[in-house]
Amino acid sequence: MGLERTLYLTPRPPAPRGEAWVLVPNPRAARRFGVPFRSLEKVAEEGFRVVRGPGRFLRLAQVVGPEEAARLLPAISLLLRAGAGPEHLEPGPLRAALEGYLEVLRREGCHDPAEIFHRARPRPRLVQVLGYPYLGSGELAFLARLAAPGSEVWLPYGDSLLFRPNEEAASFLGAQGFRVVRSPGPGDLRGWLQAQATATFHPDPEAEVRYILKRVKALLEAGVRPERITLAAREEEAYLPLLLALGWEYALPLALFQRLPLERTLLGRALDLLLAAWASGWRGASLRALKRHPLAPRVEDFQALPERAPGLAYTQALWEWLEGLAVPNLREQAARERIRKLLGFYQGEIREGRALAEELRNLLRQEAVPYWPGKGVEFHSPLALFGARVDHLFVLGAAEGLWPKPVGDDPVLPFHLRRRLREAQGLPLEGPVEAVQREYLSALALLLVPGTALHLSYPLRLGREPLAPSPFLERLGVEARPPEDLPPASPIEARRVILSLAVKEDPVAQSAQEALRVETLRLRGRIPSHEGEVGAIPKGPVPLEALADLRTCPFRFWVRGVLRPRPDPDPRAEALRGLMREVRFHPEPREAALERLPHLPLTRGHREGLRQILEREDFLPEGSQLLLVDEPLAEVWEGIPLE
């Protein structure tokens, strides 16, 4: 190997060289190549104080406010990644926001991670770049400064317009002194596959996930290690809840590392409701919803806080609430730790309570935790699998419109503005064509991951939208087929099969089917109103509240008049009845009830709910008297005994 820097455009990456720093896009690629995880981004950030996550949002919020910061932050990231500065933009809100944001960062000696590739001036090193399907403009500029003589870069390449971004990367690096070695791969996707590909279609996402998890469970039972099996999807949001729920049902260990906004965790929702009630002056729907939340704090502790105080006074109250909670699972534990870090930003300054509440609410939408930080078979986006290698890869949602992802415009930095900036300022901002090419290169990188088997699946319907197979299936020469029947993988599925086979012998199943038949006929107007009992005879008097159902809804009458399920008693309702019985002969029943209220054996929330009922103007108006409270009634009407 000479001292030239070399870019290889080839379908197969070279083996890692022991004397070089091997740079890979993610930890899974590092595992594949057997090297420590070190990426271009991590090397670029060395020696810089980089502001991430909530720090970026809070500094931009100082300039434009929290709501505008949440709207502008993605566009500012795109501009900084392209090497843009305020001088490249026309006067306006976006330029003012970028200028103010960078001024705040420089005043504190900080940098944004999106600009780091353009500002880094690394010491040249011998590097080998593997596993990246493409490189952005900032990464290429940084790589040209970082790579010492003898360095190597590998990018996939083939005889297709799909690889145009890598051809442009070759032009750039060639102008920087790199030797470009082309060994084109096949032009179509099927030539890149190293695994056997199959595909299935399913009626809906739940059926799809059940089928895939059954196959995964069979592989695990056959002795395949969990790290050799991976699930992936471009449309992750549609599958995360199903994977978590069905993984529990199948007793299948899953690790879901996708980011879930803090506001969607149980603990984050409680905090969001608290902050919303705080910002609205402790009234309205947010306060009512907060009191119903299972992790709700004592509202009085926060209502007593001053309107303006040191941030420590506010965060101390929130910390005490967090410390007293018994969080139920790994996700909520991660949420609590993330919220603690957010509160650390608000200790050293005087704050106004409502403004702090609004700022924290926006942070809850910006910050995220792993969807389920467990151990087992992993579920990833294509981005997290660049350069990785497993034996079995299952790609869910291989449908048109889900994979590849349609190109979307940015409302703050739309494509027409990007084109103008590219033509006038020379900024390498991505257009719609480049976005499509990048999406296809991401799909190609995903197809290179499996070494033994690749299975693609998609639902025929997502919600109410019918779906067609992804165009990738045709390009891979794979025809989707209906799935084969697999044995039940959980007691719930087994019970469903047993019940379907035992209808003739099972009296409960027979009654349920008969009830369903009667209700179906009633909805079609084909059942006489007197068939309310559905073949069952009431034992004992019929409840009075079921009488109205006898002619209008026979099925409901059968449930309430015959089966008569008894829900758990409401402690607040029972306490109110008892309280009214105690004070019914008192001349002022409302005042007497309010006096006795603090001594009732109720929770604080139930006691406050009763107080609100008693204090309503339409409850026991002035001069009212209580004559009867829940006196029993037993009568016979039209030959029907009622109670």
# chains A, B, ... in the order shown; residues from 1 in each chain; ligands from 1
call {"tool": "select_by_dssp", "arguments": {"residues": "stretch 76-278 of chain A", "states": "strand (DSSP E or B)", "output": "PyMOL selection string"}}
result
chain A and resi 111+125+127-129+147+152-155+158+179-182+185+196-202+229-233+254-261
call {"tool": "residues_around", "arguments": {"residues": "A:Arg38", "least_positions_apart": "6", "cutoff": "7 Å", "atoms": "only C-alpha atoms", "output": "MDAnalysis selection string"}}
result
chainID A and resid 22:24
call {"tool": "select_by_dssp", "arguments": {"residues": "stretch 358-485 of chain A", "states": "helix (DSSP H, G or I)", "output": "ChimeraX atom specification"}}
result
/A:358-366,382-385,415-425,432-447,471-476
call {"tool": "atom_distance", "arguments": {"atom1": "atom CA of A:Arg389", "atom2": "atom CA of A:Ala20"}}
result
21.3 Å
call {"tool": "closest_residue", "arguments": {"among": "A:Phe172, A:Ala61, A:Glu514, A:Leu40", "to": "A:Ala120", "atoms": "only C-alpha atoms"}}
result
A:Leu40
call {"tool": "atom_distance", "arguments": {"atom1": "atom CA of A:Arg590", "atom2": "atom CA of A:Leu614"}}
result
6.6 Å
call {"tool": "residues_around", "arguments": {"residues": "stretch 472-479 of chain A", "least_positions_apart": "3", "cutoff": "8 Å", "atoms": "only C-alpha atoms", "output": "ChimeraX atom specification"}}
result
/A:188-190,197-199,398,469
call {"tool": "closest_residue", "arguments": {"among": "A:Gly311, A:Ser442, A:Ala285, A:Thr265", "to": "A:Asn329", "atoms": "only C-alpha atoms"}}
result
A:Thr265
call {"tool": "atom_distance", "arguments": {"atom1": "atom CA of A:Pro428", "atom2": "atom CA of A:Arg121"}}
result
19.9 Å
call {"tool": "closest_residue", "arguments": {"among": "A:Phe379, A:Trp248, A:Phe585, A:Phe415", "to": "A:Ser490", "atoms": "only C-alpha atoms"}}
result
A:Trp248
call {"tool": "residues_around", "arguments": {"residues": "stretch 320-324 of chain A", "least_positions_apart": "4", "cutoff": "12 Å", "atoms": "only C-alpha atoms", "output": "PyMOL selection string"}}
result
chain A and resi 267-268+270-271+274+295-299+301-302+312-316+332-333+335-340+343
call {"tool": "residues_around", "arguments": {"residues": "A:Ala276", "least_positions_apart": "6", "cutoff": "8 Å", "atoms": "only C-alpha atoms", "output": "list in words"}}
result
Ser286, Leu287, Ala357, Glu358 and Arg361 of chain A
call {"tool": "write_last_selection", "arguments": {"atoms": "N, CA, C and O atoms", "output": "CSV table (one decimal), in the first residue's frame"}}
result
chain,number,residue,atom,x,y,z
A,286,SER,N,-56.6,20.8,32.2
A,286,SER,CA,-55.3,20.2,32.5
A,286,SER,C,-55.3,19.8,34.0
A,286,SER,O,-54.7,18.8,34.4
A,287,LEU,N,-55.8,20.7,34.9
A,287,LEU,CA,-55.8,20.4,36.3
A,287,LEU,C,-56.7,19.2,36.6
A,287,LEU,O,-56.3,18.3,37.4
A,357,ALA,N,-42.7,26.9,33.3
A,357,ALA,CA,-43.5,25.8,33.0
A,357,ALA,C,-43.7,25.7,31.5
A,357,ALA,O,-43.6,24.5,31.0
A,358,GLU,N,-43.9,26.8,30.8
A,358,GLU,CA,-44.0,26.7,29.3
A,358,GLU,C,-42.7,26.2,28.7
A,358,GLU,O,-42.8,25.4,27.7
A,361,ARG,N,-42.3,22.4,29.2
A,361,ARG,CA,-43.3,21.7,28.4
A,361,ARG,C,-42.7,21.5,27.0
A,361,ARG,O,-42.8,20.4,26.4
call {"tool": "closest_residue", "arguments": {"among": "A:Ala453, A:Leu363, A:Ala309, A:Leu486", "to": "A:Ile350", "atoms": "only C-alpha atoms"}}
result
A:Ala309
call {"tool": "closest_residue", "arguments": {"among": "A:Trp637, A:Trp154, A:Tyr239, A:Phe142", "to": "A:Gly387", "atoms": "only C-alpha atoms"}}
result
A:Trp154
call {"tool": "closest_residue", "arguments": {"among": "A:Gln612, A:Gln425, A:Ser171, A:Gln303", "to": "A:Glu87", "atoms": "only C-alpha atoms"}}
result
A:Gln425
call {"tool": "closest_atom_pairs", "arguments": {"of": "stretch 364-393 of chain A", "to": "stretch 213-226 of chain A", "cutoff": "12 Å", "atoms": "only C-alpha atoms", "output": "CSV"}}
result
residue,atom,partner,partner_atom,distance
A:Lys375,CA,A:Pro226,CA,9.1
A:Gly376,CA,A:Pro226,CA,5.7
A:Val377,CA,A:Pro226,CA,5.0
A:Glu378,CA,A:Pro226,CA,7.9
A:Phe379,CA,A:Pro226,CA,11.3
A:Val390,CA,A:Pro226,CA,9.9
A:Asp391,CA,A:Val224,CA,9.0
A:His392,CA,A:Val216,CA,9.0
A:Leu393,CA,A:Val216,CA,9.8
call {"tool": "residues_around", "arguments": {"residues": "stretch 575-582 of chain A", "least_positions_apart": "3", "cutoff": "12 Å", "atoms": "only C-alpha atoms", "output": "JSON, numbers by chain"}}
result
{"A": [569, 570, 571, 572, 585, 586, 588, 589, 590, 591, 592, 593, 594, 595, 596, 597, 598, 599, 600, 601, 602, 603, 606, 607, 609, 610, 611, 612, 613, 614, 619, 620, 625, 626, 627, 628, 629, 630, 631]}
call {"tool": "decode", "arguments": {"residues": "stretch 400-440 of chain A", "atoms": "N, CA and C atoms", "output": "PDB file, in the first residue's frame"}}
result
ATOM      1  N   GLU A 400     -45.369   0.362  -0.242  1.00  0.00           N
ATOM      2  CA  GLU A 400     -45.208   1.644  -0.931  1.00  0.00           C
ATOM      3  C   GLU A 400     -45.716   2.770  -0.028  1.00  0.00           C
ATOM      4  N   GLY A 401     -44.926   3.814   0.107  1.00  0.00           N
ATOM      5  CA  GLY A 401     -45.257   4.922   0.995  1.00  0.00           C
ATOM      6  C   GLY A 401     -44.679   4.775   2.386  1.00  0.00           C
ATOM      7  N   LEU A 402     -44.266   3.545   2.755  1.00  0.00           N
ATOM      8  CA  LEU A 402     -43.604   3.327   4.046  1.00  0.00           C
ATOM      9  C   LEU A 402     -42.109   3.099   3.866  1.00  0.00           C
ATOM     10  N   TRP A 403     -41.738   2.354   2.815  1.00  0.00           N
ATOM     11  CA  TRP A 403     -40.331   2.064   2.516  1.00  0.00           C
ATOM     12  C   TRP A 403     -40.188   1.882   1.024  1.00  0.00           C
ATOM     13  N   PRO A 404     -39.530   2.791   0.326  1.00  0.00           N
ATOM     14  CA  PRO A 404     -38.833   3.978   0.850  1.00  0.00           C
ATOM     15  C   PRO A 404     -39.794   5.064   1.306  1.00  0.00           C
ATOM     16  N   LYS A 405     -39.306   5.936   2.159  1.00  0.00           N
ATOM     17  CA  LYS A 405     -40.115   7.009   2.715  1.00  0.00           C
ATOM     18  C   LYS A 405     -40.293   8.109   1.668  1.00  0.00           C
ATOM     19  N   PRO A 406     -41.523   8.613   1.485  1.00  0.00           N
ATOM     20  CA  PRO A 406     -41.711   9.723   0.536  1.00  0.00           C
ATOM     21  C   PRO A 406     -40.940  10.963   0.980  1.00  0.00           C
ATOM     22  N   VAL A 407     -40.490  11.724   0.018  1.00  0.00           N
ATOM     23  CA  VAL A 407     -39.745  12.947   0.313  1.00  0.00           C
ATOM     24  C   VAL A 407     -40.709  13.991   0.862  1.00  0.00           C
ATOM     25  N   GLY A 408     -40.345  14.606   1.989  1.00  0.00           N
ATOM     26  CA  GLY A 408     -41.168  15.647   2.595  1.00  0.00           C
ATOM     27  C   GLY A 408     -40.444  16.985   2.608  1.00  0.00           C
ATOM     28  N   ASP A 409     -41.185  18.047   2.410  1.00  0.00           N
ATOM     29  CA  ASP A 409     -40.606  19.394   2.406  1.00  0.00           C
ATOM     30  C   ASP A 409     -40.574  19.958   3.819  1.00  0.00           C
ATOM     31  N   ASP A 410     -39.651  20.851   4.071  1.00  0.00           N
ATOM     32  CA  ASP A 410     -39.537  21.534   5.357  1.00  0.00           C
ATOM     33  C   ASP A 410     -40.261  22.874   5.240  1.00  0.00           C
ATOM     34  N   PRO A 411     -41.261  23.153   6.097  1.00  0.00           N
ATOM     35  CA  PRO A 411     -41.994  24.418   5.949  1.00  0.00           C
ATOM     36  C   PRO A 411     -41.128  25.647   6.207  1.00  0.00           C
ATOM     37  N   VAL A 412     -40.081  25.525   7.003  1.00  0.00           N
ATOM     38  CA  VAL A 412     -39.214  26.675   7.296  1.00  0.00           C
ATOM     39  C   VAL A 412     -38.143  26.843   6.221  1.00  0.00           C
ATOM     40  N   LEU A 413     -37.605  25.715   5.732  1.00  0.00           N
ATOM     41  CA  LEU A 413     -36.554  25.757   4.712  1.00  0.00           C
ATOM     42  C   LEU A 413     -36.980  24.874   3.540  1.00  0.00           C
ATOM     43  N   PRO A 414     -37.983  25.313   2.758  1.00  0.00           N
ATOM     44  CA  PRO A 414     -38.521  24.475   1.677  1.00  0.00           C
ATOM     45  C   PRO A 414     -37.499  24.289   0.559  1.00  0.00           C
ATOM     46  N   PHE A 415     -37.814  23.350  -0.344  1.00  0.00           N
ATOM     47  CA  PHE A 415     -36.866  22.999  -1.400  1.00  0.00           C
ATOM     48  C   PHE A 415     -36.569  24.176  -2.331  1.00  0.00           C
ATOM     49  N   HIS A 416     -37.567  25.013  -2.597  1.00  0.00           N
ATOM     50  CA  HIS A 416     -37.309  26.130  -3.520  1.00  0.00           C
ATOM     51  C   HIS A 416     -36.323  27.116  -2.906  1.00  0.00           C
ATOM     52  N   LEU A 417     -36.381  27.313  -1.573  1.00  0.00           N
ATOM     53  CA  LEU A 417     -35.420  28.186  -0.908  1.00  0.00           C
ATOM     54  C   LEU A 417     -34.042  27.533  -0.875  1.00  0.00           C
ATOM     55  N   ARG A 418     -33.995  26.239  -0.676  1.00  0.00           N
ATOM     56  CA  ARG A 418     -32.707  25.543  -0.694  1.00  0.00           C
ATOM     57  C   ARG A 418     -32.051  25.661  -2.076  1.00  0.00           C
ATOM     58  N   ARG A 419     -32.862  25.523  -3.147  1.00  0.00           N
ATOM     59  CA  ARG A 419     -32.307  25.642  -4.491  1.00  0.00           C
ATOM     60  C   ARG A 419     -31.743  27.041  -4.723  1.00  0.00           C
ATOM     61  N   ARG A 420     -32.457  28.057  -4.244  1.00  0.00           N
ATOM     62  CA  ARG A 420     -31.974  29.426  -4.412  1.00  0.00           C
ATOM     63  C   ARG A 420     -30.661  29.646  -3.662  1.00  0.00           C
ATOM     64  N   LEU A 421     -30.582  29.119  -2.438  1.00  0.00           N
ATOM     65  CA  LEU A 421     -29.342  29.260  -1.665  1.00  0.00           C
ATOM     66  C   LEU A 421     -28.203  28.476  -2.315  1.00  0.00           C
ATOM     67  N   ARG A 422     -28.533  27.349  -2.910  1.00  0.00           N
ATOM     68  CA  ARG A 422     -27.498  26.550  -3.564  1.00  0.00           C
ATOM     69  C   ARG A 422     -26.952  27.264  -4.789  1.00  0.00           C
ATOM     70  N   GLU A 423     -27.850  27.869  -5.557  1.00  0.00           N
ATOM     71  CA  GLU A 423     -27.413  28.554  -6.772  1.00  0.00           C
ATOM     72  C   GLU A 423     -26.707  29.867  -6.464  1.00  0.00           C
ATOM     73  N   ALA A 424     -27.211  30.610  -5.475  1.00  0.00           N
ATOM     74  CA  ALA A 424     -26.640  31.931  -5.190  1.00  0.00           C
ATOM     75  C   ALA A 424     -25.419  31.866  -4.280  1.00  0.00           C
ATOM     76  N   GLN A 425     -25.433  30.964  -3.291  1.00  0.00           N
ATOM     77  CA  GLN A 425     -24.371  30.935  -2.287  1.00  0.00           C
ATOM     78  C   GLN A 425     -23.471  29.706  -2.382  1.00  0.00           C
ATOM     79  N   GLY A 426     -23.839  28.748  -3.227  1.00  0.00           N
ATOM     80  CA  GLY A 426     -23.030  27.540  -3.334  1.00  0.00           C
ATOM     81  C   GLY A 426     -23.159  26.595  -2.158  1.00  0.00           C
ATOM     82  N   LEU A 427     -24.231  26.719  -1.378  1.00  0.00           N
ATOM     83  CA  LEU A 427     -24.410  25.853  -0.214  1.00  0.00           C
ATOM     84  C   LEU A 427     -24.894  24.470  -0.658  1.00  0.00           C
ATOM     85  N   PRO A 428     -24.275  23.412  -0.165  1.00  0.00           N
ATOM     86  CA  PRO A 428     -24.676  22.049  -0.579  1.00  0.00           C
ATOM     87  C   PRO A 428     -25.927  21.566   0.147  1.00  0.00           C
ATOM     88  N   LEU A 429     -27.038  22.260  -0.065  1.00  0.00           N
ATOM     89  CA  LEU A 429     -28.297  21.865   0.565  1.00  0.00           C
ATOM     90  C   LEU A 429     -29.005  20.824  -0.302  1.00  0.00           C
ATOM     91  N   GLU A 430     -29.579  19.840   0.355  1.00  0.00           N
ATOM     92  CA  GLU A 430     -30.203  18.721  -0.331  1.00  0.00           C
ATOM     93  C   GLU A 430     -31.511  19.125  -0.988  1.00  0.00           C
ATOM     94  N   GLY A 431     -31.676  18.754  -2.261  1.00  0.00           N
ATOM     95  CA  GLY A 431     -32.930  18.959  -2.965  1.00  0.00           C
ATOM     96  C   GLY A 431     -33.760  17.691  -2.977  1.00  0.00           C
ATOM     97  N   PRO A 432     -34.935  17.711  -3.634  1.00  0.00           N
ATOM     98  CA  PRO A 432     -35.796  16.515  -3.638  1.00  0.00           C
ATOM     99  C   PRO A 432     -35.152  15.322  -4.330  1.00  0.00           C
ATOM    100  N   VAL A 433     -34.391  15.550  -5.413  1.00  0.00           N
ATOM    101  CA  VAL A 433     -33.747  14.435  -6.110  1.00  0.00           C
ATOM    102  C   VAL A 433     -32.694  13.798  -5.211  1.00  0.00           C
ATOM    103  N   GLU A 434     -31.883  14.639  -4.566  1.00  0.00           N
ATOM    104  CA  GLU A 434     -30.847  14.114  -3.665  1.00  0.00           C
ATOM    105  C   GLU A 434     -31.474  13.376  -2.485  1.00  0.00           C
ATOM    106  N   ALA A 435     -32.645  13.878  -1.996  1.00  0.00           N
ATOM    107  CA  ALA A 435     -33.316  13.206  -0.881  1.00  0.00           C
ATOM    108  C   ALA A 435     -33.783  11.804  -1.285  1.00  0.00           C
ATOM    109  N   VAL A 436     -34.292  11.667  -2.527  1.00  0.00           N
ATOM    110  CA  VAL A 436     -34.716  10.352  -3.013  1.00  0.00           C
ATOM    111  C   VAL A 436     -33.516   9.424  -3.147  1.00  0.00           C
ATOM    112  N   GLN A 437     -32.423   9.943  -3.697  1.00  0.00           N
ATOM    113  CA  GLN A 437     -31.231   9.107  -3.854  1.00  0.00           C
ATOM    114  C   GLN A 437     -30.687   8.663  -2.501  1.00  0.00           C
ATOM    115  N   ARG A 438     -30.694   9.553  -1.536  1.00  0.00           N
ATOM    116  CA  ARG A 438     -30.223   9.186  -0.192  1.00  0.00           C
ATOM    117  C   ARG A 438     -31.120   8.109   0.417  1.00  0.00           C
ATOM    118  N   GLU A 439     -32.433   8.223   0.214  1.00  0.00           N
ATOM    119  CA  GLU A 439     -33.359   7.220   0.739  1.00  0.00           C
ATOM    120  C   GLU A 439     -33.092   5.853   0.109  1.00  0.00           C
ATOM    121  N   TYR A 440     -32.808   5.836  -1.190  1.00  0.00           N
ATOM    122  CA  TYR A 440     -32.539   4.560  -1.853  1.00  0.00           C
ATOM    123  C   TYR A 440     -31.200   3.981  -1.410  1.00  0.00           C
TER     124      TYR A 440
END
